[in-house]
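One structure below.
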Amino acid sequence: QVQLVESGGGLVQAGGALRLSCTASGSLFQVNGGAWYRQTPGNEREWVGGMSRDEHTAYVESVKGRFTISRDNAKNTMYLQMSMLKPEDTAVYYCSTIVGSTRYLGQGTQVTVSL
């Protein structure tokens with residue numbers, strides 16, 4: 001059974017930093033890679049960035065230079081280090097992986113950036 005559990009969200013002032021974690025039920029990220037998405041009320045889910053199984057990363061333009069995805073294979077955990085946060089980064093953040101043809105998402109973690 002595929003399970004993804006995020007943690008690390010919270011309230012932070014603009015310019016601050018947060019690190020989100022996503023722990024998988026097994027070595028899913030090593031095999032399939034992973035990604036981070038975010039969503040605000042009334043809007044579609046937005047791809048934030050991803051890491052392939054061989055650890056190549058890519059990011060949406062709006063977070064380049066501020067967000068970094070990393071992975072700890074021993075812990076089956078993927079991270080999203082966010083710095084220089086802006087109010088427009090406020091969203092529910094989800095981690096994701098694809099197994100076979102199915103995309104799985106975690107339950108989400110709220111990130112709120114205040115002025």
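By order of appearance in the structure tokens: chains A, B, ..., then residues from 1 within every chain, and ligands from 1 in the order shown.
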
(message) For segment 62-79 of chain A, find every residue with an atom within 12 Å (counting only C-alpha atoms), except residues of its own chain fewer than 4 positions away, and show them as a PyMOL selection string.
(response) chain A and resi 3-9+15-38+46-58+83-86+88-89+93-97+106

(request) Looking only at strand (DSSP E) from DSSP on the backbone, list the matching residues of chain A as an MDAnalysis selection string. (result) chainID A and resid 4:7 10:13 18:24 34:39 46:51 57:59 67:72 77:82 91:99 102:105 109:114

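Each of A:Gln1, A:Gly108, A:Ser101, A:Met82 was checked against Arg45 of chain A using only C-alpha atoms; the smallest atom-to-atom distance is that of A:Gly108.
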
(request) Could you check how far atom CA of Tyr104 of chain A sits from atom CA of Glu61 of chain A, in Å to one decimal? (result)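 These atoms are spaced 23.7 Å apart.
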
(request) Give the alpha helix (DSSP H) residues of chain A, as assigned by DSSP on the backbone, as a list in words. (result) Leu28, Phe29, Gln30, Val31 and Asn32 of chain A

(request) Please measure the separation of atom CA of Val111 of chain A and atom CA of Val60 of chain A, giving the value in Å to one decimal. (result)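 The value is 17.4 Å.
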
(request) Mind checking which residues fall within 8 Å of Thr40 of chain A, counting only C-alpha atoms, ignoring those fewer than 2 positions away in the same chain, and posting them as an MDAnalysis selection string? (result) chainID A and resid 38 42:45 90:92

Once you have the residues from the selection above, write them out as a PDB file, in the first residue's frame, restricted to N, CA, C and O atoms.
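Contents of the output file part.pdb:
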```
ATOM      1  N   ARG A  38       1.463  22.206  -4.945  1.00  0.00           N
ATOM      2  CA  ARG A  38       0.792  23.065  -3.980  1.00  0.00           C
ATOM      3  C   ARG A  38      -0.535  23.523  -4.554  1.00  0.00           C
ATOM      4  O   ARG A  38      -0.722  23.557  -5.768  1.00  0.00           O
ATOM      5  N   GLY A  42      -9.713  27.289  -4.516  1.00  0.00           N
ATOM      6  CA  GLY A  42     -10.280  27.767  -5.769  1.00  0.00           C
ATOM      7  C   GLY A  42      -9.365  27.679  -6.964  1.00  0.00           C
ATOM      8  O   GLY A  42      -9.755  28.061  -8.074  1.00  0.00           O
ATOM      9  N   ASN A  43      -8.154  27.180  -6.736  1.00  0.00           N
ATOM     10  CA  ASN A  43      -7.180  27.086  -7.826  1.00  0.00           C
ATOM     11  C   ASN A  43      -6.765  25.641  -8.068  1.00  0.00           C
ATOM     12  O   ASN A  43      -6.908  24.778  -7.197  1.00  0.00           O
ATOM     13  N   GLU A  44      -6.260  25.400  -9.249  1.00  0.00           N
ATOM     14  CA  GLU A  44      -5.776  24.061  -9.569  1.00  0.00           C
ATOM     15  C   GLU A  44      -4.454  23.805  -8.845  1.00  0.00           C
ATOM     16  O   GLU A  44      -3.716  24.727  -8.492  1.00  0.00           O
ATOM     17  N   ARG A  45      -4.196  22.529  -8.666  1.00  0.00           N
ATOM     18  CA  ARG A  45      -2.935  22.147  -8.053  1.00  0.00           C
ATOM     19  C   ARG A  45      -1.779  22.511  -8.988  1.00  0.00           C
ATOM     20  O   ARG A  45      -1.835  22.283 -10.191  1.00  0.00           O
ATOM     21  N   THR A  90       2.011  30.822   0.061  1.00  0.00           N
ATOM     22  CA  THR A  90       1.006  30.247   0.941  1.00  0.00           C
ATOM     23  C   THR A  90       0.136  29.256   0.177  1.00  0.00           C
ATOM     24  O   THR A  90      -0.424  29.587  -0.874  1.00  0.00           O
ATOM     25  N   ALA A  91       0.037  28.047   0.690  1.00  0.00           N
ATOM     26  CA  ALA A  91      -0.718  26.979   0.015  1.00  0.00           C
ATOM     27  C   ALA A  91      -0.670  25.722   0.867  1.00  0.00           C
ATOM     28  O   ALA A  91       0.084  25.648   1.845  1.00  0.00           O
ATOM     29  N   VAL A  92      -1.446  24.753   0.463  1.00  0.00           N
ATOM     30  CA  VAL A  92      -1.278  23.394   0.977  1.00  0.00           C
ATOM     31  C   VAL A  92      -0.303  22.687   0.034  1.00  0.00           C
ATOM     32  O   VAL A  92      -0.495  22.701  -1.179  1.00  0.00           O
TER      33      VAL A  92
END
```
